[in-house]
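upload_25.cif (mmCIF, C-alpha atoms and all ligand atoms)
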data_model
#
loop_
_atom_site.label_atom_id
_atom_site.label_comp_id
_atom_site.auth_asym_id
_atom_site.auth_seq_id
_atom_site.Cartn_x
_atom_site.Cartn_y
_atom_site.Cartn_z
CA MET A 1 24.18 1.07 1.25
CA ALA A 2 23.16 3.99 3.41
CA GLU A 3 19.63 5.29 3.78
CA LEU A 4 17.72 6.64 0.79
CA VAL A 5 16.23 10.07 1.33
CA VAL A 6 13.52 11.66 -0.80
CA SER A 7 12.78 15.23 0.18
CA ARG A 8 10.05 17.57 -1.08
CA LEU A 9 10.05 15.92 -4.45
CA THR A 10 7.81 17.54 -7.06
CA LYS A 11 7.21 16.56 -10.67
CA GLU A 12 5.11 18.52 -13.12
CA PHE A 13 4.09 17.31 -16.56
CA GLY A 14 3.01 20.62 -18.12
CA ALA A 15 0.03 21.73 -16.09
CA VAL A 16 -0.26 18.36 -14.25
CA ARG A 17 1.47 18.16 -10.89
CA ALA A 18 1.97 14.40 -10.66
CA ILE A 19 3.72 14.56 -7.27
CA ASP A 20 3.70 17.46 -4.89
CA GLY A 21 6.33 17.71 -2.15
CA VAL A 22 6.79 13.99 -1.47
CA SER A 23 9.20 13.21 1.39
CA PHE A 24 10.19 9.91 2.98
CA THR A 25 13.26 7.97 4.05
CA VAL A 26 14.12 4.31 3.51
CA ALA A 27 16.64 2.90 5.97
CA ASP A 28 19.42 0.54 4.93
CA GLY A 29 17.86 -2.89 4.33
CA GLU A 30 14.33 -1.63 4.82
CA PHE A 31 11.37 -2.67 2.63
CA VAL A 32 9.05 0.30 2.04
CA SER A 33 5.92 0.29 -0.10
CA LEU A 34 4.46 3.23 -1.96
CA LEU A 35 0.75 2.51 -1.77
CA GLY A 36 -2.20 4.44 -3.14
CA PRO A 37 -4.94 4.56 -5.76
CA SER A 38 -4.30 4.71 -9.49
CA GLY A 39 -2.78 8.02 -10.56
CA CYS A 40 -1.59 9.05 -7.07
CA GLY A 41 2.03 9.40 -8.21
CA LYS A 42 3.68 6.11 -7.18
CA SER A 43 5.37 5.34 -10.51
CA THR A 44 6.39 8.96 -10.97
CA THR A 45 8.16 8.84 -7.58
CA LEU A 46 9.89 5.57 -8.42
CA ALA A 47 10.98 6.77 -11.87
CA ALA A 48 12.49 9.88 -10.25
CA ILE A 49 14.51 7.72 -7.83
CA ALA A 50 15.71 5.48 -10.67
CA GLY A 51 16.68 8.56 -12.69
CA LEU A 52 14.37 7.81 -15.61
CA ASP A 53 12.70 11.17 -15.24
CA MET A 54 13.91 14.64 -14.32
CA PRO A 55 11.92 15.93 -11.30
CA THR A 56 10.81 19.57 -11.17
CA ALA A 57 12.09 20.20 -7.64
CA GLY A 58 13.32 18.48 -4.48
CA LEU A 59 16.17 16.25 -3.44
CA ILE A 60 17.01 12.53 -3.73
CA ARG A 61 20.09 11.09 -2.07
CA ALA A 62 21.50 7.72 -1.10
CA GLY A 63 23.73 8.33 1.90
CA GLN A 64 26.02 11.22 0.91
CA ASN A 65 25.55 10.47 -2.78
CA ILE A 66 23.15 13.08 -4.21
CA PHE A 67 21.16 11.65 -7.15
CA PHE A 68 19.10 14.75 -7.74
CA ASP A 69 19.07 18.25 -6.30
CA GLY A 70 16.62 20.75 -7.81
CA GLU A 71 18.44 23.70 -6.25
CA SER A 72 21.86 23.01 -7.71
CA SER A 73 20.41 21.29 -10.83
CA ARG A 74 22.41 18.17 -10.05
CA PHE A 75 21.18 15.06 -11.88
CA VAL A 76 23.03 11.73 -11.76
CA GLU A 77 22.42 9.48 -14.77
CA PRO A 78 20.46 6.27 -14.05
CA GLU A 79 23.47 3.99 -14.84
CA ALA A 80 25.48 5.65 -12.08
CA ARG A 81 22.79 5.20 -9.40
CA ASN A 82 23.07 1.42 -9.05
CA CYS A 83 19.32 1.01 -8.65
CA GLY A 84 17.70 -2.22 -9.84
CA LEU A 85 14.34 -1.55 -11.43
CA VAL A 86 11.70 -4.21 -12.13
CA PHE A 87 8.54 -3.19 -13.96
CA GLN A 88 5.12 -4.73 -14.20
CA SER A 89 5.94 -5.80 -17.77
CA TYR A 90 8.94 -8.07 -17.34
CA ALA A 91 10.53 -7.06 -20.65
CA LEU A 92 12.69 -10.17 -20.94
CA TRP A 93 14.70 -10.61 -24.14
CA PRO A 94 12.58 -13.04 -26.17
CA HIS A 95 15.51 -14.46 -28.17
CA MET A 96 17.58 -15.27 -25.07
CA THR A 97 17.18 -18.18 -22.67
CA VAL A 98 16.55 -17.62 -18.98
CA ALA A 99 20.27 -17.98 -18.20
CA GLN A 100 21.25 -15.64 -21.04
CA ASN A 101 18.72 -13.04 -19.90
CA VAL A 102 20.14 -13.11 -16.39
CA ASP A 103 23.72 -13.05 -17.68
CA PHE A 104 23.10 -10.04 -19.92
CA PRO A 105 23.54 -7.27 -17.30
CA LEU A 106 26.83 -8.90 -16.22
CA LYS A 107 28.06 -9.00 -19.82
CA LEU A 108 27.24 -5.30 -20.14
CA ARG A 109 29.28 -4.68 -17.02
CA LYS A 110 32.12 -6.69 -18.57
CA LEU A 111 32.52 -9.17 -15.74
CA GLU A 112 34.80 -12.12 -16.36
CA ARG A 113 33.12 -15.32 -17.68
CA LYS A 114 33.75 -17.51 -14.61
CA GLU A 115 32.39 -14.91 -12.20
CA ARG A 116 29.37 -14.39 -14.47
CA LYS A 117 28.58 -18.10 -14.48
CA ARG A 118 28.92 -18.27 -10.69
CA ARG A 119 26.56 -15.33 -10.15
CA VAL A 120 23.97 -16.50 -12.69
CA ASP A 121 23.87 -19.96 -11.07
CA GLU A 122 23.60 -18.43 -7.63
CA VAL A 123 20.76 -16.05 -8.48
CA LEU A 124 18.82 -18.66 -10.49
CA ALA A 125 18.94 -20.93 -7.45
CA LEU A 126 17.74 -18.05 -5.32
CA VAL A 127 14.63 -17.51 -7.47
CA GLU A 128 14.19 -21.30 -7.88
CA MET A 129 14.63 -21.26 -11.66
CA THR A 130 17.75 -23.42 -12.07
CA HIS A 131 15.79 -26.24 -13.73
CA LEU A 132 14.38 -23.85 -16.36
CA ALA A 133 17.66 -22.07 -17.17
CA ASP A 134 17.63 -23.18 -20.83
CA ARG A 135 14.04 -22.25 -21.61
CA TYR A 136 13.00 -19.18 -23.60
CA PRO A 137 10.63 -16.58 -22.06
CA HIS A 138 7.64 -17.69 -24.18
CA GLN A 139 7.99 -21.17 -22.64
CA LEU A 140 7.46 -19.78 -19.10
CA SER A 141 4.39 -18.87 -17.05
CA GLY A 142 3.82 -15.27 -15.96
CA GLY A 143 5.06 -16.03 -12.46
CA GLN A 144 8.23 -17.68 -13.79
CA GLN A 145 8.92 -14.74 -16.11
CA GLN A 146 8.48 -12.41 -13.19
CA ARG A 147 11.11 -14.37 -11.22
CA VAL A 148 13.54 -14.19 -14.13
CA ALA A 149 13.00 -10.42 -14.34
CA LEU A 150 13.81 -10.17 -10.65
CA ALA A 151 16.86 -12.44 -11.03
CA ARG A 152 18.12 -10.28 -13.88
CA THR A 153 18.05 -7.30 -11.53
CA LEU A 154 19.40 -9.05 -8.43
CA VAL A 155 22.36 -10.51 -10.33
CA TYR A 156 24.22 -7.21 -10.52
CA ARG A 157 23.60 -6.53 -6.83
CA PRO A 158 21.88 -3.16 -6.93
CA ALA A 159 22.21 -0.92 -3.89
CA VAL A 160 18.47 -0.21 -4.04
CA LEU A 161 15.77 -2.47 -5.46
CA LEU A 162 12.86 -0.61 -7.09
CA LEU A 163 9.80 -2.71 -7.92
CA ASP A 164 6.82 -1.22 -9.77
CA GLU A 165 3.74 -3.48 -9.43
CA PRO A 166 5.79 -6.58 -10.26
CA LEU A 167 2.93 -8.96 -9.45
CA SER A 168 0.05 -7.19 -11.17
CA ASN A 169 0.15 -9.39 -14.30
CA LEU A 170 -0.38 -12.55 -12.29
CA ASP A 171 -3.71 -14.18 -11.52
CA ALA A 172 -4.92 -14.13 -7.90
CA LYS A 173 -3.54 -17.56 -6.90
CA LEU A 174 -0.15 -17.06 -8.50
CA ARG A 175 0.03 -13.60 -7.07
CA ASP A 176 -0.51 -15.04 -3.62
CA ARG A 177 2.29 -17.56 -4.12
CA ALA A 178 4.63 -14.93 -5.58
CA ARG A 179 3.93 -12.74 -2.57
CA SER A 180 4.98 -15.35 -0.02
CA TRP A 181 8.00 -16.15 -2.14
CA LEU A 182 8.95 -12.43 -2.24
CA LEU A 183 8.55 -12.31 1.53
CA GLN A 184 11.05 -15.16 1.95
CA LEU A 185 13.44 -13.49 -0.47
CA LYS A 186 13.15 -10.25 1.46
CA GLU A 187 14.06 -12.00 4.73
CA GLN A 188 17.02 -13.67 3.03
CA LEU A 189 18.50 -10.68 1.19
CA ARG A 190 17.57 -7.65 3.34
CA LEU A 191 17.96 -5.36 0.33
CA THR A 192 16.86 -1.74 0.55
CA THR A 193 13.63 -1.96 -1.42
CA ILE A 194 10.89 0.38 -2.61
CA TYR A 195 7.83 -1.52 -3.73
CA VAL A 196 5.05 0.20 -5.66
CA THR A 197 1.57 -1.27 -5.42
CA HIS A 198 -2.08 -0.27 -5.24
CA ASP A 199 -2.87 -3.54 -3.44
CA GLN A 200 -3.15 -3.02 0.30
CA VAL A 201 -2.79 -6.72 1.14
CA GLU A 202 0.50 -6.84 -0.74
CA ALA A 203 1.74 -3.67 0.96
CA MET A 204 0.61 -4.78 4.42
CA SER A 205 2.14 -8.24 4.22
CA LEU A 206 5.49 -7.34 2.64
CA SER A 207 6.43 -3.95 4.06
CA ASP A 208 8.39 -2.79 7.04
CA ARG A 209 6.73 0.59 6.46
CA ILE A 210 4.16 1.99 4.06
CA VAL A 211 4.09 5.43 2.43
CA LEU A 212 0.42 5.97 1.64
CA MET A 213 -0.16 8.48 -1.17
CA ASP A 214 -3.13 10.24 -2.70
CA GLY A 215 -3.27 13.00 -5.30
CA GLY A 216 0.52 13.30 -5.51
CA ARG A 217 0.94 13.79 -1.77
CA VAL A 218 1.93 11.65 1.19
CA MET A 219 -1.08 10.95 3.41
CA GLN A 220 0.70 8.87 6.06
CA ILE A 221 3.93 7.00 6.70
CA GLY A 222 4.02 4.13 9.18
CA THR A 223 4.25 0.43 9.84
CA PRO A 224 1.30 -1.58 8.48
CA LYS A 225 -0.02 -1.86 12.04
CA GLU A 226 0.25 1.88 12.71
CA ILE A 227 -1.50 2.74 9.46
CA TYR A 228 -4.30 0.26 10.10
CA GLU A 229 -4.82 1.04 13.76
CA ALA A 230 -4.20 4.78 13.75
CA PRO A 231 -5.07 6.17 10.32
CA ALA A 232 -4.16 9.85 10.05
CA ASN A 233 -7.33 10.88 8.23
CA PRO A 234 -10.55 9.45 6.74
CA PHE A 235 -8.85 8.81 3.39
CA VAL A 236 -6.38 6.43 5.07
CA ALA A 237 -9.14 4.79 7.13
CA ASP A 238 -11.10 4.28 3.90
CA PHE A 239 -8.20 3.03 1.80
CA ILE A 240 -6.76 0.59 4.34
CA GLY A 241 -9.17 -2.06 5.54
CA THR A 242 -12.92 -1.68 5.44
CA SER A 243 -14.48 1.20 7.30
CA SER A 244 -17.98 2.59 7.55
CA PHE A 245 -18.34 6.33 8.00
CA PHE A 246 -20.82 8.44 9.97
CA ASP A 247 -20.85 12.22 9.80
CA GLY A 248 -21.91 14.00 12.97
CA GLU A 249 -21.06 16.52 15.65
CA LEU A 250 -18.95 16.01 18.74
CA THR A 251 -21.28 16.62 21.68
CA SER A 252 -18.85 15.71 24.46
CA GLY A 253 -15.10 15.13 24.40
CA GLY A 254 -12.40 13.45 26.50
CA ALA A 255 -11.12 9.88 26.59
CA THR A 256 -14.63 8.62 25.79
CA GLY A 257 -16.62 11.24 23.89
CA ARG A 258 -19.99 11.25 22.18
CA VAL A 259 -20.94 12.05 18.60
CA ARG A 260 -24.47 12.91 17.48
CA ILE A 261 -25.21 11.36 14.10
CA ALA A 262 -28.24 11.45 11.78
CA GLY A 263 -31.57 10.63 13.39
CA ASP A 264 -30.34 12.15 16.69
CA SER A 265 -28.61 8.89 17.71
CA GLU A 266 -25.40 9.22 19.66
CA ILE A 267 -22.30 7.04 19.43
CA ALA A 268 -19.68 6.67 22.15
CA VAL A 269 -16.24 7.18 20.67
CA ALA A 270 -12.65 7.02 21.93
CA GLY A 271 -9.77 9.47 21.67
CA THR A 272 -11.40 12.84 21.10
CA THR A 273 -9.24 14.87 23.46
CA ARG A 274 -7.79 17.03 20.69
CA ILE A 275 -11.11 17.86 19.00
CA PRO A 276 -13.22 20.79 20.31
CA VAL A 277 -16.76 20.00 21.44
CA GLY A 278 -19.26 21.15 18.79
CA ALA A 279 -16.89 20.39 15.90
CA PRO A 280 -18.24 18.59 12.84
CA VAL A 281 -16.59 15.16 12.74
CA THR A 282 -16.46 11.98 10.72
CA VAL A 283 -16.50 8.71 12.63
CA ALA A 284 -14.83 5.74 10.92
CA ILE A 285 -15.87 2.35 12.29
CA ARG A 286 -13.73 -0.73 11.79
CA PRO A 287 -15.88 -3.82 11.32
CA ASP A 288 -13.60 -6.36 13.07
CA ARG A 289 -14.88 -5.68 16.60
CA LEU A 290 -18.56 -5.12 15.92
CA SER A 291 -21.02 -7.72 17.16
CA ILE A 292 -24.75 -8.39 17.04
CA LEU A 293 -26.53 -8.23 20.41
CA ALA A 294 -28.96 -11.06 20.98
CA SER A 295 -32.41 -9.68 21.79
CA GLY A 296 -32.73 -8.82 25.46
CA ALA A 297 -29.02 -9.43 26.12
CA PRO A 298 -27.19 -6.86 28.27
CA ALA A 299 -24.59 -4.62 26.63
CA PRO A 300 -20.97 -5.81 27.02
CA ASP A 301 -18.96 -4.42 29.90
CA GLU A 302 -17.07 -1.76 27.94
CA ALA A 303 -17.68 1.77 26.63
CA GLY A 304 -19.77 1.57 23.48
CA THR A 305 -23.16 1.98 21.88
CA ALA A 306 -25.93 -0.38 20.78
CA LEU A 307 -27.19 0.92 17.43
CA HIS A 308 -30.49 -0.20 16.03
CA GLY A 309 -30.46 -1.06 12.31
CA ARG A 310 -32.13 -2.90 9.44
CA VAL A 311 -30.44 -5.78 7.62
CA VAL A 312 -30.50 -4.81 3.92
CA SER A 313 -28.32 -7.52 2.38
CA ARG A 314 -26.83 -10.91 3.14
CA SER A 315 -24.13 -12.58 1.07
CA TYR A 316 -22.34 -15.89 1.49
CA LEU A 317 -18.57 -15.49 1.09
CA GLY A 318 -17.54 -19.11 1.62
CA GLY A 319 -17.29 -20.07 5.28
CA ARG A 320 -18.77 -16.76 6.44
CA TYR A 321 -21.59 -14.33 5.73
CA GLN A 322 -21.42 -10.64 5.07
CA HIS A 323 -24.32 -8.40 6.06
CA GLU A 324 -25.02 -4.79 5.26
CA ILE A 325 -26.95 -3.06 7.98
CA SER A 326 -28.57 0.31 7.46
CA ILE A 327 -28.07 2.60 10.45
CA ALA A 328 -28.66 6.36 10.44
CA GLN A 329 -28.37 6.64 6.63
CA THR A 330 -25.11 4.67 6.55
CA LEU A 331 -24.43 1.08 5.64
CA LEU A 332 -22.45 -0.82 8.23
CA ARG A 333 -20.83 -4.07 7.14
CA ILE A 334 -20.56 -7.03 9.49
CA ASP A 335 -19.03 -10.40 8.70
CA GLY A 336 -19.96 -13.43 10.74
CA PRO A 337 -20.10 -17.22 10.69
CA TYR A 338 -23.94 -17.31 10.69
CA VAL A 339 -26.55 -15.69 8.50
CA LEU A 340 -28.75 -13.12 10.28
CA GLU A 341 -32.33 -14.26 9.71
CA GLN A 342 -34.01 -11.32 11.46
CA SER A 343 -34.65 -8.03 9.63
CA GLU A 344 -33.89 -5.72 12.57
CA VAL A 345 -30.84 -5.98 14.82
CA HIS A 346 -28.88 -4.19 17.49
CA VAL A 347 -25.21 -3.79 16.63
CA TRP A 348 -22.72 -3.35 19.46
CA VAL A 349 -20.16 -0.69 18.51
CA PRO A 350 -17.30 -0.50 21.05
CA ALA A 351 -16.06 3.08 21.53
CA SER A 352 -12.52 1.83 20.86
CA SER A 353 -13.50 0.65 17.36
CA CYS A 354 -14.51 4.20 16.40
CA LEU A 355 -11.93 6.58 14.97
CA VAL A 356 -12.91 10.23 15.04
CA PHE A 357 -11.65 12.84 12.58
CA GLU A 358 -12.43 16.52 12.62
CA ARG A 359 -14.12 17.13 9.29
CA GLY A 360 -11.97 19.05 6.86
CA ALA A 361 -9.77 18.62 3.84
CA SER A 362 -9.68 14.88 3.29
CA ARG A 363 -13.04 13.18 2.72
CA PRO A 364 -13.79 9.53 2.21
CA ARG A 365 -14.87 8.68 -1.33
CA SER A 366 -17.75 6.48 -0.31
CA ALA A 367 -19.67 5.61 2.80
CA VAL A 368 -18.76 1.94 2.56
CA ARG A 369 -15.76 0.73 0.64
CA HIS A 370 -16.40 -2.15 -1.74
N1 LIG B 1 4.15 11.71 -19.02
C1 LIG B 1 3.08 12.24 -18.41
N2 LIG B 1 2.45 13.32 -18.89
C2 LIG B 1 1.39 13.86 -18.24
N3 LIG B 1 0.88 13.37 -17.08
C3 LIG B 1 1.47 12.29 -16.56
C4 LIG B 1 2.58 11.66 -17.17
N4 LIG B 1 2.95 10.59 -16.42
C5 LIG B 1 2.09 10.56 -15.38
N5 LIG B 1 1.19 11.58 -15.46
C6 LIG B 1 0.12 11.88 -14.49
O1 LIG B 1 0.69 11.97 -13.22
C7 LIG B 1 -0.14 11.37 -12.23
C8 LIG B 1 0.60 10.29 -11.49
O2 LIG B 1 0.91 9.22 -12.38
P1 LIG B 1 1.64 7.89 -11.90
O3 LIG B 1 1.94 7.09 -13.12
O4 LIG B 1 2.80 8.26 -11.05
O5 LIG B 1 0.50 7.20 -11.03
P2 LIG B 1 0.53 5.79 -10.27
O6 LIG B 1 0.29 6.08 -8.83
O7 LIG B 1 1.74 5.01 -10.62
O8 LIG B 1 -0.79 5.09 -10.85
P3 LIG B 1 -1.08 3.55 -11.29
O9 LIG B 1 -1.42 2.82 -10.01
O10 LIG B 1 -2.28 3.68 -12.18
O11 LIG B 1 0.12 3.01 -11.99
C9 LIG B 1 -1.37 10.88 -13.00
O12 LIG B 1 -2.38 11.83 -12.87
C10 LIG B 1 -0.90 10.77 -14.43
O13 LIG B 1 -1.95 10.97 -15.34
MG MG B 2 2.07 3.22 -11.72
#

For this file, produce the structure as structure tokens.
Ligand SMILES: Nc1ncnc2c1ncn2[C@@H]1O[C@H](COP(=O)(O)OP(=O)(O)OP(=O)(O)O)[C@@H](O)[C@H]1O
Ligand SMILES: [Mg+2]
Amino acid sequence: MAELVVSRLTKEFGAVRAIDGVSFTVADGEFVSLLGPSGCGKSTTLAAIAGLDMPTAGLIRAGQNIFFDGESSRFVEPEARNCGLVFQSYALWPHMTVAQNVDFPLKLRKLERKERKRRVDEVLALVEMTHLADRYPHQLSGGQQQRVALARTLVYRPAVLLLDEPLSNLDAKLRDRARSWLLQLKEQLRLTTIYVTHDQVEAMSLSDRIVLMDGGRVMQIGTPKEIYEAPANPFVADFIGTSSFFDGELTSGGATGRVRIAGDSEIAVAGTTRIPVGAPVTVAIRPDRLSILASGAPAPDEAGTALHGRVVSRSYLGGRYQHEISIAQTLLRIDGPYVLEQSEVHVWVPASSCLVFERGASRPRSAVRH
């Protein structure tokens, strides 16, 4: 199948604009996640691609095959799109066995009995459910039902696989297992896939690229690494990973700039060449590279700042400790293998762990993400 293109897609439900000019492309065989908080428009986008819903405007095409075009009012029925859709609720037929459930789409498509049997056997082996082929859905665990739902979609070989939170009914352990299993399946099949989730770990671990959405709009498109390491705005920095935020003013720019924050402290920051000196900025700090300076120890040999703070909480997370440190009216989180006994510390903040955004439209929802 050729690439799938979604261009300036908009969907209004009465006065509610659920998605607003969403554009992205999924290459042949690529696995792309739509990621974002509840209500950001992920399912609406997926339903529009599947043809379950009529968008208000925009274009959806697979190669030269136009599924929807708002301008010419073209709308291809879902059956003709050859998209395989798997929902969060597996919706298996309760009165059919696993094998019968998987066979059903092939029966509908009037395939010959021998070919049906061959394909059902093949796909059940693929999802490791051969031994449970004669069970009924109520005799299966959530994770097994989810695999049958996927098998029932894979069996008719859809050109595009559309998955809407398929793992969200599973408990944390099972979800973890299902995720690594999906990853193996992805490597094996290389199907063009759009995966909807609000779970960043799922999106990061499974995706070739992520489309991060908020409020019906695309915030950033990139590989998991790009999105984590170079978030386009504070919303992305807040949503992906754990960041602490300081508001301040850029007092000097260039490759290593300086930002004045509350209490007249200054932080050395990297990558401010495109921001004018004097601009109000938000600094997002990633916790991974922060460290505690032992008292009297010299600062590391790199651009950065030692910030003085007060330890306000300590929690044991199993194998490591998490501390919240109050610095200039913001809470900075630091994980480490040892508990910090002292009440006051100096935190080393490398300039390269600070991301600077000119303050404007997109604001983080909280100072520290929980
Ligand atoms: N049929 C509808 N009528 C009115 N508003 C709707 C309808 N369907 C969705 N919406 C609204 O559109 C927005 C996007 O909804 P959507 O279901 O796409 O979100 P989502 O990103 O899938 O969220 P979740 O993670 O909670 O599933 C929401 O504000 C929602 O309330
Ligand atoms: Mg949804």

Interatomic distance between CA of Gln322 in chain A and CA of Lys173 in chain A?
->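 Atom-to-atom, CA of Gln322 in chain A to CA of Lys173 in chain A, that is 22.6 Å.
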
Compile the contact shell of range 329-331 of chain A as a ChimeraX atom specification: residues with an atom at most 9 Å away, counting only C-alpha atoms, same-chain residues fewer than 3 positions apart removed.
-> /A:244-246,262-263,312,324-326,367-368

Residues of chain A that approach ligand LIG 1 (chain B) to 6 Å or less, counting only C-alpha atoms and all ligand atoms: could you list each one with the shortest pair of atoms and its distance in Å to one decimal, rows by chain and increasing residue number, as CSV?
residue,atom,partner,partner_atom,distance
A:Phe13,CA,B:LIG1,C2,4.7
A:Val16,CA,B:LIG1,N3,5.8
A:Ala18,CA,B:LIG1,O1,3.8
A:Pro37,CA,B:LIG1,O9,5.8
A:Ser38,CA,B:LIG1,O9,3.5
A:Gly39,CA,B:LIG1,O5,3.4
A:Cys40,CA,B:LIG1,O6,3.9
A:Gly41,CA,B:LIG1,O4,3.2
A:Lys42,CA,B:LIG1,O6,3.8
A:Ser43,CA,B:LIG1,O7,3.6
A:Thr44,CA,B:LIG1,O4,3.7
A:His198,CA,B:LIG1,O9,5.7

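Of the residues listed (A:Leu174, A:Val76, A:Ala62, A:Leu162), A:Leu162 shows the shortest atom-to-atom separation from Ala47 in chain A; distances use only C-alpha atoms.
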
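In this comparison, which uses all atoms listed in the file, the residue of A:Met219, A:Ala299, A:Leu189, A:Leu163 approaching ligand MG 2 (chain B) most closely is A:Leu163.
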
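Take CA of Gly257 in chain A and CA of Pro280 in chain A: the distance between them is 13.4 Å.
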
Of the listed residues A:Tyr228, A:Tyr90, A:Phe357, A:Tyr156, that which approaches Asp247 in chain A most closely, counting all atoms listed in the file |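 Of all the options, A:Phe357 lies closest to Asp247 in chain A.
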
Near Glu249 in chain A, within 6 Å and counting all atoms listed in the file, which residues show up once chain neighbours fewer than 3 positions away are dropped, as a ChimeraX atom specification?
-> /A:259-260,278-281

Only C-alpha atoms, please: the residues just picked out, written as an mmCIF file, keeping the file's coordinate frame.
data_model
loop_
_atom_site.group_PDB
_atom_site.id
_atom_site.type_symbol
_atom_site.label_atom_id
_atom_site.label_comp_id
_atom_site.auth_asym_id
_atom_site.auth_seq_id
_atom_site.Cartn_x
_atom_site.Cartn_y
_atom_site.Cartn_z
ATOM 1 C CA VAL A 259 -20.940 12.050 18.600
ATOM 2 C CA ARG A 260 -24.470 12.910 17.480
ATOM 3 C CA GLY A 278 -19.260 21.150 18.790
ATOM 4 C CA ALA A 279 -16.890 20.390 15.900
ATOM 5 C CA PRO A 280 -18.240 18.590 12.840
ATOM 6 C CA VAL A 281 -16.590 15.160 12.740
#

Residues around (-17.2, 17.0, 20.8), cut-off 12 Å, counting only C-alpha atoms - what are they as an mmCIF file with C-alpha atoms, keeping the file's coordinate frame?
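Okay, this is what ended up in part30.cif:
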data_model
loop_
_atom_site.group_PDB
_atom_site.id
_atom_site.type_symbol
_atom_site.label_atom_id
_atom_site.label_comp_id
_atom_site.auth_asym_id
_atom_site.auth_seq_id
_atom_site.Cartn_x
_atom_site.Cartn_y
_atom_site.Cartn_z
ATOM 1 C CA GLY A 248 -21.910 14.000 12.970
ATOM 2 C CA GLU A 249 -21.060 16.520 15.650
ATOM 3 C CA LEU A 250 -18.950 16.010 18.740
ATOM 4 C CA THR A 251 -21.280 16.620 21.680
ATOM 5 C CA SER A 252 -18.850 15.710 24.460
ATOM 6 C CA GLY A 253 -15.100 15.130 24.400
ATOM 7 C CA GLY A 254 -12.400 13.450 26.500
ATOM 8 C CA ALA A 255 -11.120 9.880 26.590
ATOM 9 C CA THR A 256 -14.630 8.620 25.790
ATOM 10 C CA GLY A 257 -16.620 11.240 23.890
ATOM 11 C CA ARG A 258 -19.990 11.250 22.180
ATOM 12 C CA VAL A 259 -20.940 12.050 18.600
ATOM 13 C CA ARG A 260 -24.470 12.910 17.480
ATOM 14 C CA ILE A 261 -25.210 11.360 14.100
ATOM 15 C CA GLU A 266 -25.400 9.220 19.660
ATOM 16 C CA ILE A 267 -22.300 7.040 19.430
ATOM 17 C CA ALA A 268 -19.680 6.670 22.150
ATOM 18 C CA VAL A 269 -16.240 7.180 20.670
ATOM 19 C CA ALA A 270 -12.650 7.020 21.930
ATOM 20 C CA GLY A 271 -9.770 9.470 21.670
ATOM 21 C CA THR A 272 -11.400 12.840 21.100
ATOM 22 C CA THR A 273 -9.240 14.870 23.460
ATOM 23 C CA ARG A 274 -7.790 17.030 20.690
ATOM 24 C CA ILE A 275 -11.110 17.860 19.000
ATOM 25 C CA PRO A 276 -13.220 20.790 20.310
ATOM 26 C CA VAL A 277 -16.760 20.000 21.440
ATOM 27 C CA GLY A 278 -19.260 21.150 18.790
ATOM 28 C CA ALA A 279 -16.890 20.390 15.900
ATOM 29 C CA PRO A 280 -18.240 18.590 12.840
ATOM 30 C CA VAL A 281 -16.590 15.160 12.740
ATOM 31 C CA THR A 282 -16.460 11.980 10.720
ATOM 32 C CA VAL A 283 -16.500 8.710 12.630
ATOM 33 C CA VAL A 356 -12.910 10.230 15.040
ATOM 34 C CA PHE A 357 -11.650 12.840 12.580
ATOM 35 C CA GLU A 358 -12.430 16.520 12.620
ATOM 36 C CA ARG A 359 -14.120 17.130 9.290
#

Two-atom distance - CA of Arg74 in chain A, CA of Leu34 in chain A (Å) | 24.7 Å

Within-9 Å shell of (22.0, -23.7, -19.4) in input frame, all atoms listed in the file, as a PyMOL selection string | chain A and resi 97-100+130-135

Return the padded bounding box of range 43-53 of chain A as lines of an AutoDock Vina configuration file: axis-aligned, built from all atoms listed in the file, 4 Å added on each side, with centre and edge lengths in Å to one decimal.
center_x = 11.0
center_y = 8.3
center_z = -11.6
size_x = 19.3
size_y = 13.8
size_z = 16.0

Using all atoms listed in the file: which of A:Leu35, A:Ile210, A:Ala306, A:Ala172 has the shortest distance to ligand MG 2 (chain B) |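 That would be A:Leu35, the residue with the smallest distance to ligand MG 2 (chain B).
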
Nearest candidate to Asn82 in chain A (options A:Gln64, A:Asn233, A:Thr153, A:Ser243; using all atoms listed in the file) |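 When distances to Asn82 in chain A are compared using all atoms listed in the file, the smallest one comes from A:Thr153.
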
Rank nothing, just name the residue among A:Gly63, A:Gly51, A:Gly309, A:Gly216 nearest to ligand MG 2 (chain B), using all atoms listed in the file.
->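 Counting all atoms listed in the file, the residue closest to ligand MG 2 (chain B) is A:Gly216.
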
Which residues, written as a ChimeraX atom specification, have at least one atom at most 12 Å from Arg310 in chain A, with only C-alpha atoms counted and residues fewer than 4 positions away on the same chain left out?
-> /A:292,314,323-333,340-347

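Omitting Glu3 in chain A and its sequence neighbours fewer than 4 positions away, and counting all atoms listed in the file, the residues within 9 Å are Thr25, Val26, Ala27, Asp28, Gly29, Glu30, Arg61, Ala62, Gly63 and Thr192 of chain A.
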